[in-house]
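Student: My file is target-v1.txt. It has compact mmCIF, C-alpha atoms:
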```txt
# COMPACT_ATOMS: atom_id res chain seq x y z
CA MET A 1 17.05 30.65 -6.35
CA THR A 2 19.57 32.31 -4.06
CA MET A 3 22.50 34.30 -5.36
CA ALA A 4 25.86 32.60 -4.69
CA ILE A 5 29.25 34.24 -5.12
CA GLU A 6 32.48 32.34 -5.71
CA ASN A 7 35.73 34.30 -5.82
CA LEU A 8 38.16 33.00 -8.42
CA GLU A 9 41.64 31.97 -7.28
CA ALA A 10 43.14 34.70 -9.47
CA ALA A 11 43.75 38.18 -8.07
CA LEU A 12 40.48 39.34 -9.59
CA GLY A 13 37.17 37.89 -10.67
CA ALA A 14 34.12 36.23 -9.16
CA ILE A 15 31.46 33.91 -10.51
CA VAL A 16 27.89 34.74 -9.51
CA ARG A 17 25.24 32.04 -9.72
CA GLY A 18 21.55 31.90 -8.95
CA ILE A 19 20.46 35.06 -10.72
CA ASP A 20 18.40 35.56 -13.88
CA LEU A 21 19.49 38.66 -15.79
CA SER A 22 16.55 38.44 -18.19
CA ARG A 23 14.30 39.97 -15.54
CA PRO A 24 14.59 43.25 -13.66
CA LEU A 25 16.78 42.79 -10.60
CA ALA A 26 15.76 43.76 -7.09
CA ALA A 27 17.64 46.73 -5.61
CA ASP A 28 19.55 44.46 -3.20
CA GLU A 29 20.64 42.23 -6.11
CA VAL A 30 21.98 45.26 -8.00
CA ARG A 31 23.81 46.44 -4.86
CA THR A 32 25.31 42.98 -4.33
CA LEU A 33 26.49 42.71 -7.94
CA GLU A 34 27.97 46.19 -7.82
CA HIS A 35 29.73 45.39 -4.54
CA VAL A 36 31.20 42.16 -5.97
CA TRP A 37 32.27 44.02 -9.11
CA ARG A 38 33.99 46.79 -7.10
CA GLU A 39 35.77 44.25 -4.90
CA ARG A 40 36.72 41.69 -7.59
CA LEU A 41 36.71 43.92 -10.74
CA VAL A 42 35.34 41.17 -13.02
CA VAL A 43 32.00 39.43 -12.49
CA VAL A 44 31.10 36.31 -14.49
CA LEU A 45 27.43 35.34 -14.84
CA ARG A 46 27.22 32.14 -16.90
CA GLY A 47 24.26 30.53 -18.63
CA GLN A 48 22.27 33.70 -19.31
CA ARG A 49 19.91 34.01 -22.29
CA LEU A 50 19.21 37.66 -23.07
CA SER A 51 17.50 39.49 -25.89
CA ASP A 52 19.04 42.80 -26.93
CA PRO A 53 16.43 44.78 -24.92
CA GLN A 54 17.08 42.59 -21.86
CA LEU A 55 20.85 43.14 -22.15
CA ILE A 56 20.29 46.89 -22.36
CA ALA A 57 17.87 46.84 -19.40
CA PHE A 58 20.34 44.84 -17.30
CA SER A 59 23.19 47.22 -18.16
CA ARG A 60 21.12 50.33 -17.36
CA GLN A 61 20.61 49.09 -13.79
CA PHE A 62 24.20 50.20 -13.15
CA GLY A 63 24.00 53.65 -14.72
CA GLU A 64 23.60 55.54 -17.95
CA LEU A 65 25.04 53.79 -20.99
CA ASP A 66 27.87 55.29 -22.98
CA PRO A 67 27.62 55.01 -26.75
CA PRO A 68 29.89 52.44 -28.41
CA GLY A 69 33.17 53.57 -29.90
CA PRO A 70 33.34 54.71 -33.52
CA ASN A 71 32.07 52.17 -36.02
CA PRO A 72 34.39 51.96 -39.05
CA TYR A 73 31.42 51.05 -41.26
CA GLY A 74 29.49 54.26 -40.56
CA GLU A 75 26.30 52.75 -39.14
CA PRO A 76 25.26 50.87 -36.00
CA PHE A 77 25.70 47.11 -36.10
CA ILE A 78 22.20 46.72 -34.67
CA ARG A 79 20.01 49.50 -36.08
CA GLU A 80 17.25 48.95 -33.49
CA HIS A 81 19.80 49.16 -30.64
CA PRO A 82 22.62 51.55 -31.57
CA GLU A 83 23.82 51.55 -27.95
CA LEU A 84 25.11 47.99 -28.45
CA ASN A 85 28.47 47.19 -30.00
CA VAL A 86 29.06 43.87 -31.74
CA ILE A 87 32.44 42.15 -31.49
CA SER A 88 32.56 39.33 -34.03
CA ASN A 89 34.75 37.56 -36.57
CA VAL A 90 31.71 36.57 -38.67
CA VAL A 91 31.49 37.92 -42.23
CA GLU A 92 28.16 37.91 -44.06
CA ASN A 93 27.81 38.95 -47.71
CA GLY A 94 31.45 40.08 -47.70
CA LYS A 95 30.93 42.48 -44.77
CA PRO A 96 31.88 41.93 -41.10
CA ILE A 97 28.85 41.85 -38.78
CA GLY A 98 30.94 43.37 -35.97
CA ASN A 99 34.13 45.11 -34.90
CA LEU A 100 37.51 43.70 -33.89
CA GLY A 101 36.84 40.29 -35.31
CA ASP A 102 39.90 39.11 -37.17
CA GLY A 103 42.74 39.51 -34.70
CA GLU A 104 42.43 43.28 -34.41
CA ALA A 105 41.95 43.08 -30.64
CA VAL A 106 44.87 40.94 -29.52
CA TRP A 107 45.16 43.36 -26.60
CA HIS A 108 43.28 46.53 -25.82
CA ALA A 109 41.75 48.63 -23.06
CA ASP A 110 38.20 49.84 -23.57
CA MET A 111 37.44 53.50 -24.29
CA THR A 112 40.81 54.89 -23.14
CA TYR A 113 40.57 57.63 -25.77
CA VAL A 114 37.80 59.51 -23.92
CA GLU A 115 38.52 61.92 -21.07
CA VAL A 116 36.29 60.05 -18.60
CA PRO A 117 36.10 56.38 -19.59
CA PRO A 118 33.02 54.34 -18.69
CA LYS A 119 33.08 52.74 -15.25
CA ALA A 120 32.45 49.26 -16.67
CA ALA A 121 31.88 47.15 -19.75
CA VAL A 122 29.25 44.45 -20.06
CA LEU A 123 30.27 41.61 -22.38
CA TYR A 124 27.60 39.15 -23.47
CA ALA A 125 28.87 36.08 -25.34
CA ILE A 126 26.46 34.73 -27.93
CA GLU A 127 28.72 32.18 -29.61
CA ILE A 128 31.74 30.63 -27.91
CA PRO A 129 34.21 28.37 -29.74
CA PRO A 130 34.77 24.85 -28.33
CA SER A 131 38.35 25.83 -27.49
CA GLY A 132 40.30 29.08 -27.39
CA GLY A 133 38.49 32.38 -27.69
CA ASN A 134 39.38 33.29 -24.11
CA THR A 135 38.98 36.79 -22.77
CA TYR A 136 41.58 37.85 -20.24
CA PHE A 137 41.44 40.75 -17.80
CA ALA A 138 44.26 42.65 -16.12
CA ASP A 139 44.07 44.51 -12.82
CA MET A 140 45.47 47.90 -13.74
CA CYS A 141 45.42 48.97 -10.03
CA GLY A 142 47.01 45.85 -8.57
CA VAL A 143 50.46 45.92 -7.08
```
Would it be possible to restate this file's structure as structure tokens?

Tutor:
Amino acid sequence: MTMAIENLEAALGAIVRGIDLSRPLAADEVRTLEHVWRERLVVVLRGQRLSDPQLIAFSRQFGELDPPGPNPYGEPFIREHPELNVISNVVENGKPIGNLGDGEAVWHADMTYVEVPPKAAVLYAIEIPPSGGNTYFADMCGV
């Protein structure tokens, strides 16, 4: 399958099709994704099915991973993969399974409290509601 790139009509964003993130990417695929990301700031790759190790491996192709922000519950959400953060509104046994789940993140900018913020964030949606639940992005460099 050949990679196809479709720029969104908005000032930022592109949809990339024809790529399977569950496998290691070729160097030219990584370069293409990074180029699209630098040009369009947001890259959407729909229909992916990734295990936690595959998500981590995909993310590491773009550089060293930064640890997630502070967890208010004092322990990683995924013990086997503490480098992953979980954003969820699900509560199990009276305890949230993730951060920022019940309206806490109406608006925010990732990791702005560190001196050198990460160059990117990888968001992987596991469960999407039938309506609503949208994630919006703002171009903080746009004029």

Student: Neighbouring residues of stretch 9-25 of chain A were defined as those with any atom within 12 Å, considering all atoms listed in the file; residues of the same chain fewer than 5 positions away were excluded. Please report them as a VMD selection string.

Tutor: chain A and resid 1 to 4 30 to 62 124 136 to 143

Student: Let me make sure I understand: among A:Val91, A:Asp66, A:Gly133, A:Glu29, which one has the smallest atom-to-atom distance to A:Val116 if we use only C-alpha atoms?

Tutor: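 Smallest distance to A:Val116 is found for A:Asp66.
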
Student: Enter the distance from atom CA of A:His81 to atom CA of A:Thr112, in Å, rounded to one decimal.

Tutor: 23.0 Å

Student: I need the residue nearest A:Pro118 from this list: A:Pro82, A:Gly132, A:Gly63, A:Gly74. Use all atoms listed in the file for the distance.

Tutor: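 Once distances to A:Pro118 are computed over all atoms listed in the file, the minimum belongs to A:Gly63.
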
Student: Between A:Glu127, A:Asp28, A:Glu83, A:Glu115, which is the closest to A:Pro68 once you count all atoms listed in the file?

Tutor: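 Closest to A:Pro68, using all atoms listed in the file: A:Glu83.
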
Student: Please measure the separation of atom CA of A:Leu8 and atom CA of A:Ile126, giving the value in Å to one decimal.

Tutor: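 Atom-to-atom, atom CA of A:Leu8 and atom CA of A:Ile126 are spaced 22.8 Å apart.
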
Student: May I ask for the distance between atom CA of A:Ser88 and atom CA of A:Leu100, given in Å to one decimal place?

Tutor: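 Those two atoms sit 6.6 Å apart.
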
Student: Would you mind listing what lies within 9 Å of A:Ile87 as a list in words, with all atoms listed in the file counted and same-chain residues fewer than 4 positions away left out?

Tutor: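 The residues satisfying every condition are Ile97, Gly98, Asn99, Leu100 and Gly101 of chain A.
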